[in-house]
Each structure stands twice: as structure tokens, then as C-alpha cells.
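Novice: Take a look at this one; I'll ask things after.
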Amino acid sequence: MARQPLVTHIYTADPSAHVFEGKLFIYPSHDLNLEVEDNDLGDQYRMTDYHILSQETPDSPATDHGEALHVSQVPWASKQMWAPDAAYANNRYYLYFPARDKEGIFRIGVATGTRPEGPFKAEPEPIKGSFSIDPCVFRDDDGQFYMYFGGLWGGQLQCWPTGKFIADAETPPVDQKALCPKVAKLTGDMLQFATTPQDAVIVDENGAPLKSGDTSRRYFEGPWMHKYKDTYYFSYSTGDTHLLCYATGKSPMGPFTFRGSFLPPVLGWTTHHSIVEFKGRWFLYYHDSTLSGGVSHRRCVKVQELFYEADGSIRPMTP
Ligand code: FUB
């Protein structure tokens, strides 16, 4: 199982894994085989559609179910179908995805379907009040769903310091509080925010919010939430320091106390993951760029088992 790409006939990234109908369904980005220059805004990530993968178990072959949604089928979107996630509720499947709108501003949309692998039909408008990238949708034990989202630099999280989009806004000075991922409750129909997005604050061991210059610990992009033994685990990428880190808390809204890094940098610029329980064991889905020999925008999804120590910490892994 470990460390082989799930599929090699297409490039895949940003895997959000879920157990639906007793199987693993993986919702990845679909990287294109393009020869383009990299830049810090991520313009090289020009994805246009989603393909859903499934596996009977984490160590069985993956099936590509074909195109589930194309940008041309999303009335409000123009380009860059980045990291998606999915949820099941109300006897339906919901695909959540970021894309740039017609003004070039990242929004988060939702599409619905009757099967976990799609096809999905997009809502005509993005989620009201949504912005930035990388939605992660988490169902708590009481049935309430939450969305976590946000990404720095090309993901535009820094462009919303006042609640209005400011294209050239910068991240805070290094000695100021870091930008936080956002969290909002979802409405019962799963199509809108039920609460205004608020900061999911990550604090250090003394309870102080992480600083913007603390680049090996502060949030950058790629949020994921899971619950293990009544504790909420918020995990994420540190972006320009290329780590997967996690922080834990007693509420899905945070605050979350920084606990450490569990995956060092992979080959390629980005690192992005999900954590899923399957039949009592835990698995990390992640990506690297080994399939393309290191091209940052041609990535491949992999899986390996994840273990907890007795104190609830995640045992560090090697990619
Ligand atoms: O795949 C495009 C972007 O790269 C994602 O939205 C980020 O999380 C990073 O993996």
C-alpha cells in the first residue's frame, strides 16, 4: 500500500478521503499535464475538473470514476478548480470546491448528486459570504456540519482584512498574530453558511495565538478536521515551510493548541492531506510530486497508515 501513487494515468492532488457506503472515496484535485512556469500565486494550478477515486480498502487498487464536474458546468466559476471536499447528508452527496469567479476572486461552491462518485450538479451561485480556498467539511457526532477553509498567497486569505476584497493586501507583519483558518457552521440543507465565518485560532503551549512570522507552525492552507477520542484534531499545511502540522481542542470552533508536525516536506512545493478512519485503523491520504519527477503542479495522491501514541499525539511519519 504505502507510498505508491493511487493512480498513475492522471495527476491527482489534495486528497479528501471519506468512507461512504463502506468504501473509501477520495476527492482530489485533478492536476493537468501542463508545461507552465511556477509563481507564488499558484497560477500554474489550472485545474478544470474533478475525478473521484474509490478503493475497497486503503491497500486495494483505486478506481477513477471519470469526470464528476467540469468548470464549464459551474455558472459562477471561471477557472482553477482547487482542493475539494465532500459530505453526505439528507440522502445526498455534496461536493465542495473552490474556484475563481468571473472577477478572479476565489469563492467556494457546492454541487450535489445522488452518488458519492458523482456526477454532481453545481448550484448557480457560490456559498454566500464564502471566500478563499480549500474547504474541509466535518460532521460532528451531534449531526452539525462545519466548514473550515482558507489559504494564503494565491489562495487570497490575506485579501479580506476588513471583510471586503483587497487584491493587493499583504499577510500581517511577522510579529503580529498570524492569519487564521476560517470556520463556519453549515445550514441543514448543506448549501450555505449558518454562521458568519470566524477565526479558528491556533495557539501555542501558553495559549498565545501563533505569530505571522512563525512560519514552521502557523496555518497556511489545506485544513482538515477529525475527532479522535473526544478531541478535535485540526491539521493543516504550513505552506512555504512545507510541513503538515496539527493542533487539538475541545470544540470544533477552536481554539486549537499546536501539537507538532507529523509529516516533513514531500517532493514538490505543496503538501496537503486528509485523515480518515477505516475499520478501526487510521490513514493519512496525502500527495507529492514523485510521479512527475518533482513538478509542483503535477502531483500524485498516496496513502499510508497513521498511528496515535498513548497520549493522543500523532506519531510522526516519513513521506
Ligand atoms: O491544488 C491547488 C492548491 O495547492 C490547493 O488548493 C492547495 O491546498 C495546494 O495543495
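Scheme for the C-alpha cells: letters A, B, ... for chains in order shown; per-chain residue numbers from 1; ligand numbers from 1 in order shown.
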Taking only C-alpha atoms and all ligand atoms into account, produce a table as a tab-separated table in which each residue of chain A with an atom at most 8 Å from an atom of ligand 1 appears once, together with its shortest atom pair and the distance in Å to one decimal, ordered by chain and rising number.
Specialist:
```
residue	atom	partner	partner_atom_place_in_ligand_line	distance
A:Ala13	CA	ligand 1	1 (O)	6.2
A:Asp14	CA	ligand 1	10 (O)	5.4
A:Ser29	CA	ligand 1	1 (O)	6.0
A:Asp31	CA	ligand 1	1 (O)	7.5
A:Gly42	CA	ligand 1	3 (C)	7.2
A:Tyr45	CA	ligand 1	2 (C)	5.6
A:Met47	CA	ligand 1	1 (O)	8.0
A:Gln80	CA	ligand 1	2 (C)	7.9
A:Met81	CA	ligand 1	2 (C)	7.8
A:Trp82	CA	ligand 1	6 (O)	4.5
A:Ala83	CA	ligand 1	6 (O)	4.3
A:Pro84	CA	ligand 1	6 (O)	7.9
A:Pro98	CA	ligand 1	6 (O)	7.7
A:Ile133	CA	ligand 1	6 (O)	6.0
A:Asp134	CA	ligand 1	6 (O)	5.2
A:Gly151	CA	ligand 1	8 (O)	7.1
A:Gly155	CA	ligand 1	6 (O)	7.2
A:Glu221	CA	ligand 1	8 (O)	5.3
A:Gly222	CA	ligand 1	8 (O)	4.4
A:Ser237	CA	ligand 1	8 (O)	7.7
A:Thr270	CA	ligand 1	10 (O)	5.0
A:Thr271	CA	ligand 1	10 (O)	5.7
A:His272	CA	ligand 1	10 (O)	5.2
A:His297	CA	ligand 1	1 (O)	7.5
```
Novice: Write down as a list in words the residues of stretch 70-195 of chain A whose backbone DSSP state falls under helix (DSSP H, G or I).
Specialist: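 Selecting the helix (DSSP H, G or I) positions of stretch 70-195 of chain A gives Val71, Ser72, Gln73, Trp153, Gly154, Gly155, Leu157, Gln158 and Cys159 of chain A.
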Novice: Write out, as a tab-separated table (two decimals), in the first residue's frame, the residues just selected, with N, CA, C and O atoms.
Specialist:
```tsv
chain	number	residue	atom	x	y	z
A	71	VAL	N	-15.47	22.75	-14.85
A	71	VAL	CA	-15.66	24.18	-14.58
A	71	VAL	C	-16.71	24.79	-15.51
A	71	VAL	O	-17.44	25.72	-15.12
A	72	SER	N	-16.83	24.26	-16.73
A	72	SER	CA	-17.82	24.81	-17.67
A	72	SER	C	-19.25	24.54	-17.20
A	72	SER	O	-20.20	25.15	-17.71
A	73	GLN	N	-19.42	23.65	-16.22
A	73	GLN	CA	-20.77	23.34	-15.69
A	73	GLN	C	-21.08	24.14	-14.42
A	73	GLN	O	-22.10	23.89	-13.78
A	153	TRP	N	-1.54	33.65	0.25
A	153	TRP	CA	-0.91	33.99	-1.03
A	153	TRP	C	-1.94	33.84	-2.16
A	153	TRP	O	-2.94	34.53	-2.14
A	154	GLY	N	-1.72	32.89	-3.10
A	154	GLY	CA	-2.66	32.74	-4.21
A	154	GLY	C	-4.05	32.35	-3.77
A	154	GLY	O	-5.03	32.54	-4.50
A	155	GLY	N	-4.17	31.82	-2.57
A	155	GLY	CA	-5.48	31.46	-2.02
A	155	GLY	C	-6.26	32.63	-1.46
A	155	GLY	O	-7.42	32.48	-1.05
A	157	LEU	N	-6.43	34.49	1.22
A	157	LEU	CA	-6.98	34.70	2.58
A	157	LEU	C	-6.60	36.08	3.13
A	157	LEU	O	-7.38	36.71	3.86
A	158	GLN	N	-5.41	36.56	2.75
A	158	GLN	CA	-4.94	37.86	3.25
A	158	GLN	C	-5.70	39.03	2.62
A	158	GLN	O	-5.56	40.17	3.07
A	159	CYS	N	-6.50	38.75	1.60
A	159	CYS	CA	-7.18	39.83	0.86
A	159	CYS	C	-8.47	40.28	1.53
A	159	CYS	O	-9.19	41.12	0.98
```
Novice: Out of A:Pro61, A:Gly66, A:Pro28, A:Gly249, which residue has the shortest atom-to-atom distance to A:Lys229 when counting only C-alpha atoms?
Specialist: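 For A:Lys229, the nearest of the given residues is A:Gly249.
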Novice: At a cut-off of 7 Å, using only C-alpha atoms, what residues contact A:Ala62? Leave out same-chain residues fewer than 2 positions from it and give the result as a ChimeraX atom specification.
Specialist: /A:6-7,53-55,60,64
Novice: Using only C-alpha atoms for the distances, tell me which of A:Glu117, A:Glu125, A:Asp38, A:Asp175 is nearest to A:Gly213.
Specialist: A:Asp175
Novice: I'd like the contact shell of A:Asp140 - 12 Å cut-off, only C-alpha atoms, skipping same-chain residues fewer than 6 positions apart - returned as a PyMOL selection string.
Specialist: chain A and resi 87+146-147+185-186+225-228+230-232+251-253
Novice: For A:Cys300, work out the shell of residues within 7 Å, counting only C-alpha atoms and skipping chain neighbours fewer than 4 positions away, then give it as a list in words.
Specialist: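 Listing them by chain and then by number gives Pro5, Tyr11, Thr12, Ala13, His287, Asp288, Ser289 and Leu291 of chain A.
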Novice: Write out as JSON, numbers by chain all residues of stretch 33-273 of chain A that backbone DSSP assigns to strand (DSSP E).
Specialist: {"A": [49, 50, 51, 52, 53, 54, 55, 63, 64, 65, 66, 67, 68, 69, 70, 77, 78, 79, 85, 86, 87, 88, 89, 92, 93, 94, 95, 96, 97, 98, 99, 100, 101, 106, 107, 108, 109, 110, 111, 112, 113, 121, 122, 136, 137, 138, 139, 145, 146, 147, 148, 149, 182, 183, 184, 185, 198, 199, 202, 203, 221, 222, 223, 224, 225, 226, 227, 228, 231, 232, 233, 234, 235, 236, 237, 244, 245, 246, 247, 248, 249, 256, 257, 258, 259, 260, 261, 262, 263, 273]}
Novice: Which distance in Å separates atom CA of A:Leu263 and atom CA of A:Tyr236, to one decimal?
Specialist: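 That distance, rounded to one decimal, is 10.5 Å.
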Novice: In Å, rounded to a single decimal, give me how far atom CA of A:His273 is from atom CA of A:Trp224.
Specialist: 7.4 Å
Novice: Write out as a list in words which residues come within 10 Å of A:Leu306 when counting only C-alpha atoms, dropping same-chain ones fewer than 5 positions away.
Specialist: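 Skipping anything fewer than 5 positions along the chain leaves Phe262, Ile275, Val276, Glu277, Arg281, Trp282, Phe283, Leu284, Tyr285, Ile314, Arg315, Pro316 and Met317 of chain A.
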